[in-house]
Amino acid sequence: MTLTLTHYLVLAALLFCLGVYGAITRKNAIGILMALELVFNAVNLTLVAAGRFRPQPDAVGQLFALFVIAAAAAESILGLAIILAIYRRRVVVNADEMDLMKN
Amino acid sequence: MSMAPWMVELATAALLVLVLLADLVAPRGKRFVWPTFLGGSLVILGLAVFVRGDAFLLGGSYAADGISWLGKIVIVIGTILAGAVSMDSLPIQEKYHGAYAALLLAASLGMMVLVSSRELVTMYVGLETSAVSLYGLAALAKRDVLSLEAGIKYLVIGALSSGVLLYGLALVYAAAGTTSLDGIRAALGHAPSPLSAVGIILVLLGVGFKITMVPMHVWTPDVYQGAPTPVSAFISVVSKSVGFLFAIRLFSVAFADLRYVWEPFFMAGAVLTMTVGNLAAIAQPSAKRLLAYSSISQAGYLLVGFVGTSSAGTSAVLFYLFAYTLANVAAFAAVIAFSSSTGSDRLDDYAGLARRSPLLALVFTFALLSLAGIPPLAGFIGKIYLFSAAMERGYLWLVVAAALNSVASLYYYLLILRRMYFTEAPLGAGPLRVSFPVKAVLLLTTVGTFWLGILPGPLMQVVSEVSSRVFPGP
């Protein structure tokens, strides 16, 4: 069996759904950040595969993926920093306990 | 290669470095930071207004055209106003003022890149630069748990929606084989493939987060309430305006021939956004949450104009962005003035404000009435243009829904006015002390609101010229 673009796209779609599901259902804030990484990896897989399987393969997909990796790293670092600051003040990592607003 | 089209971006980057240097020179104070920030950004405003070149750079992936010109003006105005109201009212330690000003500039630099790019990778880099800076700004008051909570909520929902947006962009790239907007339009043609249709809808959801379109608006009230108020003002005004320009670039340019795929979603989104925003605003006890829901409903009106024809819709959206920026910054500045003097954010405490500080109450009134769309203020003219853009495509029902919503929104705006004018102030409550920068911002935005409302002609001419050049033809 040869691998075609469709195989990669289906795998990426599964990864994406897993990531979104995890980000919505996880209670632990760090778990949410990890699920978000899955989403970004699904994006990267799609980009790289789409670039590779063009009639004339080019580097645009790979380039885009590199930028996505960099931006996702920045987001995770900031997220971890904020979670750490919250933990220091309230000893809370569960997202559903972060509910001071509204009341 | 000429440097002129890059001037504004380069100057902003230079000012960012300068502000960090000023912070180094006087590390524990804000003495140098804010003069540097304000002086520099006024120069940048001059550059943004007067340097206008129509040029395509980097092989067409970066543009200096009308949309980026007006977009940069809105961004710089919003940054200056947000900076000015921040100076004396930030709930953060003095040693972080340098970082705050630098993040504000980084966010506006990212947005400038976003409104100028005509290529997906560049757009994404601009988007993320601004988004990460905004998450940092929202969480910067780290002694305040609410601010941290706002920061993490903004970051998690923001990252999720940028993941959805990115996946959509990746599918569009997979379908079109190119990342340039013109190339995408040519490659996708008039009939969507399953890949491109799913991609476009995911992109729509991701953009919906930026412009607080229901149902992607859930983060808005919590973030606006928890973040330092000047940051809420900045997010509600500048980030939302940029979101709309981003939507114009993507949907009215790259996906223009597939209008029938995305238009129904935006129309449903417009109705939901207006209605949910207005209904939820009525019962809010907190001024910041009320402004959050009011700004959600404003996004709904903007969407009504956005689904109009490309050229009329774009010019109406551009005009309304100016009117909305002025009125919303004025409203937030009034809330900042009130809360930094009394320490309260509760609407009930606004009772008798008209007797305590008549001018502040009057200015707040004008801002709210402009948001509600009462003549002769800018919001009225802006809404007329938005609704007539939708009428050009014959969407009468949409315009009727928007007009009804406009009337309904008057109810909660008037509730605030009643509190300020017809309720007794608590015993012993004296006049408020309002700092000079906040006063200046209130004055400027109010004058601007009246000016655009009474003499809309010049700006209207500019925006219609810009959009007819970007969208030639009907």
# chains A, B, ... in the order shown; residues from 1 in each chain; ligands from 1
$ interface_residues --of "chain A" --to "chain B" --cutoff "7 Å" --atoms "only C-alpha atoms" --output "list in words"
Leu36, Val39, Phe40, Val43, Thr46, Leu47, Ala50, Arg54, Phe64, Ala71, Glu75, Gly79, Ile82, Ile86, Met98, Leu100 and Met101 of chain A
$ write_last_selection --atoms "C-alpha atoms" --output "CSV table (one decimal), in the first residue's frame"
chain,number,residue,atom,x,y,z
A,36,LEU,CA,-3.5,22.2,22.4
A,39,VAL,CA,-4.0,20.5,17.7
A,40,PHE,CA,-0.9,22.3,16.5
A,43,VAL,CA,-1.9,21.5,11.6
A,46,THR,CA,-1.5,18.7,7.2
A,47,LEU,CA,0.8,21.5,6.1
A,50,ALA,CA,0.1,19.1,1.6
A,54,ARG,CA,1.9,18.8,-4.6
A,64,PHE,CA,4.6,27.4,7.6
A,71,ALA,CA,4.4,30.4,17.9
A,75,GLU,CA,2.1,30.3,23.7
A,79,GLY,CA,0.6,29.6,29.5
A,82,ILE,CA,0.5,32.2,34.1
A,86,ILE,CA,-1.9,31.3,39.7
A,98,MET,CA,-10.6,29.2,38.2
A,100,LEU,CA,-13.6,34.0,40.6
A,101,MET,CA,-15.4,36.1,38.0
$ select_by_dssp --residues "chain A" --states "alpha helix (DSSP H)" --output "compact mmCIF listing (two decimals) with C-alpha atoms, in the first residue's frame"
# COMPACT_ATOMS: atom_id res chain seq x y z
CA LEU A 5 -2.15 12.64 0.78
CA THR A 6 -5.54 11.36 1.96
CA HIS A 7 -3.91 9.09 4.55
CA TYR A 8 -2.02 11.99 6.05
CA LEU A 9 -5.08 14.24 6.01
CA VAL A 10 -7.23 11.64 7.76
CA LEU A 11 -4.55 11.04 10.41
CA ALA A 12 -4.25 14.80 10.93
CA ALA A 13 -8.03 15.17 11.20
CA LEU A 14 -8.10 12.47 13.90
CA LEU A 15 -5.27 14.18 15.78
CA PHE A 16 -7.09 17.50 15.49
CA CYS A 17 -10.35 16.07 16.88
CA LEU A 18 -8.46 14.40 19.74
CA GLY A 19 -6.74 17.66 20.57
CA VAL A 20 -9.93 19.73 20.52
CA TYR A 21 -11.73 17.08 22.58
CA GLY A 22 -8.92 17.06 25.10
CA ALA A 23 -8.76 20.85 25.32
CA ILE A 24 -12.50 21.04 26.01
CA THR A 25 -12.81 18.15 28.49
CA ALA A 29 -4.82 23.45 32.94
CA ILE A 30 -1.52 21.82 32.00
CA GLY A 31 -3.47 18.98 30.38
CA ILE A 32 -5.31 21.57 28.31
CA LEU A 33 -2.01 23.00 27.11
CA MET A 34 -0.85 19.50 26.15
CA ALA A 35 -4.07 18.89 24.22
CA LEU A 36 -3.50 22.16 22.39
CA GLU A 37 -0.11 20.86 21.29
CA LEU A 38 -1.94 17.98 19.58
CA VAL A 39 -4.04 20.50 17.66
CA PHE A 40 -0.94 22.32 16.48
CA ASN A 41 0.71 19.04 15.50
CA ALA A 42 -2.33 18.12 13.41
CA VAL A 43 -1.92 21.46 11.65
CA ASN A 44 1.77 20.81 11.05
CA LEU A 45 1.13 17.35 9.65
CA THR A 46 -1.47 18.74 7.25
CA LEU A 47 0.84 21.54 6.14
CA VAL A 48 3.89 19.37 5.57
CA ALA A 49 1.92 16.63 3.80
CA ALA A 50 0.10 19.14 1.59
CA GLY A 51 3.42 20.69 0.60
CA ARG A 52 5.02 17.33 -0.09
CA VAL A 60 6.01 26.54 1.72
CA GLY A 61 4.20 23.93 3.80
CA GLN A 62 7.34 23.10 5.77
CA LEU A 63 8.09 26.77 6.26
CA PHE A 64 4.58 27.42 7.56
CA ALA A 65 4.97 24.47 9.95
CA LEU A 66 8.21 25.94 11.34
CA PHE A 67 6.43 29.20 12.14
CA VAL A 68 3.58 27.29 13.76
CA ILE A 69 6.04 25.39 15.97
CA ALA A 70 7.69 28.64 17.07
CA ALA A 71 4.39 30.36 17.86
CA ALA A 72 2.99 27.34 19.68
CA ALA A 73 6.12 27.22 21.83
CA ALA A 74 5.69 30.88 22.75
CA GLU A 75 2.07 30.29 23.68
CA SER A 76 2.85 27.26 25.83
CA ILE A 77 5.59 29.08 27.70
CA LEU A 78 3.33 32.02 28.49
CA GLY A 79 0.56 29.62 29.49
CA LEU A 80 2.84 27.71 31.87
CA ALA A 81 4.08 30.99 33.35
CA ILE A 82 0.54 32.17 34.09
CA ILE A 83 -0.45 28.78 35.52
CA LEU A 84 2.61 28.90 37.79
CA ALA A 85 1.67 32.40 38.97
CA ILE A 86 -1.88 31.27 39.72
CA TYR A 87 -0.57 28.19 41.53
CA ARG A 88 1.70 30.33 43.71
CA ARG A 89 -1.19 32.51 44.75
CA ARG A 90 -4.03 30.05 45.04
$ closest_residue --among "B:Pro472, B:Gly300, B:Gly373, B:Pro91" --to "Ala402 (chain B)" --atoms "only C-alpha atoms"
B:Gly300
$ select_by_dssp --residues "region 16-264 of chain B" --states "strand (DSSP E)" --output "PyMOL selection string"
chain B and resi 55-57+62-64
$ write_last_selection --atoms "C-alpha atoms" --output "PDB file, in the first residue's frame"
ATOM      1  CA  ALA B  55       2.811  49.278  -3.189  1.00  0.00           C
ATOM      2  CA  PHE B  56       3.123  45.531  -3.137  1.00  0.00           C
ATOM      3  CA  LEU B  57       6.228  44.287  -1.398  1.00  0.00           C
ATOM      4  CA  TYR B  62       2.926  42.327   1.832  1.00  0.00           C
ATOM      5  CA  ALA B  63       0.842  45.307   0.832  1.00  0.00           C
ATOM      6  CA  ALA B  64       0.779  48.990   1.564  1.00  0.00           C
TER       7      ALA B  64
END
$ closest_residue --among "B:Val399, B:Leu20, B:Val115, B:Leu362" --to "Lys95 (chain B)" --atoms "only C-alpha atoms"
B:Leu20
$ atom_distance --atom1 "CA of Ser117 (chain B)" --atom2 "CA of Arg249 (chain B)"
8.7 Å
$ residues_around --residues "Leu114 (chain B)" --least-positions-apart "2" --cutoff "9 Å" --atoms "only C-alpha atoms" --output "list in words"
Ser68, Leu109, Gly110, Met111, Met112, Ser116, Ser117, Arg118, Thr122, Met123, Tyr124, Val125, Gly126, Leu127, Ser130, Val242, Leu245 and Phe246 of chain B
$ atom_distance --atom1 "CA of Leu360 (chain B)" --atom2 "CA of Thr445 (chain B)"
12.7 Å
$ residues_around --residues "region 379-388 of chain B" --least-positions-apart "5" --cutoff "8 Å" --atoms "only C-alpha atoms" --output "VMD selection string"
chain B and resid 301 to 302 304 to 306 313 316 to 317 319 to 320 323 to 324 327 369 to 374 399 402 449 453 456
$ write_last_selection --atoms "N, CA and C atoms" --output "tab-separated table (two decimals), in the first residue's frame"
chain	number	residue	atom	x	y	z
B	301	TYR	N	-23.39	44.39	14.76
B	301	TYR	CA	-23.72	45.42	13.77
B	301	TYR	C	-22.67	45.46	12.67
B	302	LEU	N	-21.39	45.34	13.09
B	302	LEU	CA	-20.31	45.37	12.10
B	302	LEU	C	-20.45	44.21	11.12
B	304	VAL	N	-23.21	42.88	10.15
B	304	VAL	CA	-24.28	43.20	9.21
B	304	VAL	C	-23.71	43.96	8.01
B	305	GLY	N	-22.83	44.94	8.29
B	305	GLY	CA	-22.22	45.67	7.19
B	305	GLY	C	-21.28	44.78	6.39
B	306	PHE	N	-20.58	43.88	7.11
B	306	PHE	CA	-19.57	43.04	6.46
B	306	PHE	C	-20.19	42.12	5.41
B	313	GLY	N	-19.66	47.30	1.78
B	313	GLY	CA	-19.50	46.71	3.11
B	313	GLY	C	-18.18	47.10	3.73
B	316	ALA	N	-18.22	50.76	4.80
B	316	ALA	CA	-19.04	50.98	5.98
B	316	ALA	C	-18.35	50.44	7.23
B	317	VAL	N	-17.73	49.24	7.10
B	317	VAL	CA	-17.04	48.66	8.26
B	317	VAL	C	-15.89	49.57	8.68
B	319	PHE	N	-15.56	52.79	8.26
B	319	PHE	CA	-16.08	54.00	8.89
B	319	PHE	C	-16.53	53.69	10.32
B	320	TYR	N	-17.28	52.59	10.47
B	320	TYR	CA	-17.81	52.30	11.79
B	320	TYR	C	-16.70	51.97	12.78
B	323	ALA	N	-15.77	55.15	14.34
B	323	ALA	CA	-16.80	55.63	15.26
B	323	ALA	C	-16.80	54.78	16.53
B	324	TYR	N	-16.69	53.45	16.36
B	324	TYR	CA	-16.72	52.53	17.49
B	324	TYR	C	-15.50	52.73	18.37
B	327	ALA	N	-16.01	55.97	20.50
B	327	ALA	CA	-17.04	55.87	21.54
B	327	ALA	C	-16.67	54.85	22.60
B	369	LEU	N	-24.51	56.92	24.22
B	369	LEU	CA	-25.51	57.23	23.19
B	369	LEU	C	-24.95	57.00	21.79
B	370	SER	N	-23.64	57.25	21.63
B	370	SER	CA	-23.04	56.97	20.32
B	370	SER	C	-23.03	55.47	20.06
B	371	LEU	N	-22.74	54.68	21.10
B	371	LEU	CA	-22.77	53.23	20.92
B	371	LEU	C	-24.19	52.76	20.59
B	372	ALA	N	-25.19	53.44	21.18
B	372	ALA	CA	-26.57	53.06	20.91
B	372	ALA	C	-27.03	53.55	19.53
B	373	GLY	N	-26.29	54.52	18.96
B	373	GLY	CA	-26.66	55.01	17.63
B	373	GLY	C	-27.68	56.12	17.65
B	374	ILE	N	-27.47	57.12	18.51
B	374	ILE	CA	-28.38	58.25	18.59
B	374	ILE	C	-27.77	59.42	17.82
B	399	VAL	N	-31.39	43.78	8.24
B	399	VAL	CA	-31.38	45.18	8.66
B	399	VAL	C	-32.46	45.43	9.71
B	402	ALA	N	-31.24	44.14	12.92
B	402	ALA	CA	-30.22	45.02	13.48
B	402	ALA	C	-30.85	46.27	14.07
B	449	THR	N	-16.14	61.96	18.43
B	449	THR	CA	-17.46	61.36	18.22
B	449	THR	C	-18.43	62.37	17.63
B	453	GLY	N	-19.89	62.51	13.76
B	453	GLY	CA	-21.35	62.45	13.65
B	453	GLY	C	-21.92	63.61	12.87
B	456	PRO	N	-19.50	63.75	8.76
B	456	PRO	CA	-18.93	62.45	8.38
B	456	PRO	C	-18.31	62.48	6.98
$ residues_around --residues "Ala312 (chain B)" --least-positions-apart "3" --cutoff "8 Å" --atoms "only C-alpha atoms" --output "number ranges by chain"
B: 308-309, 315-316, 389, 464, 467
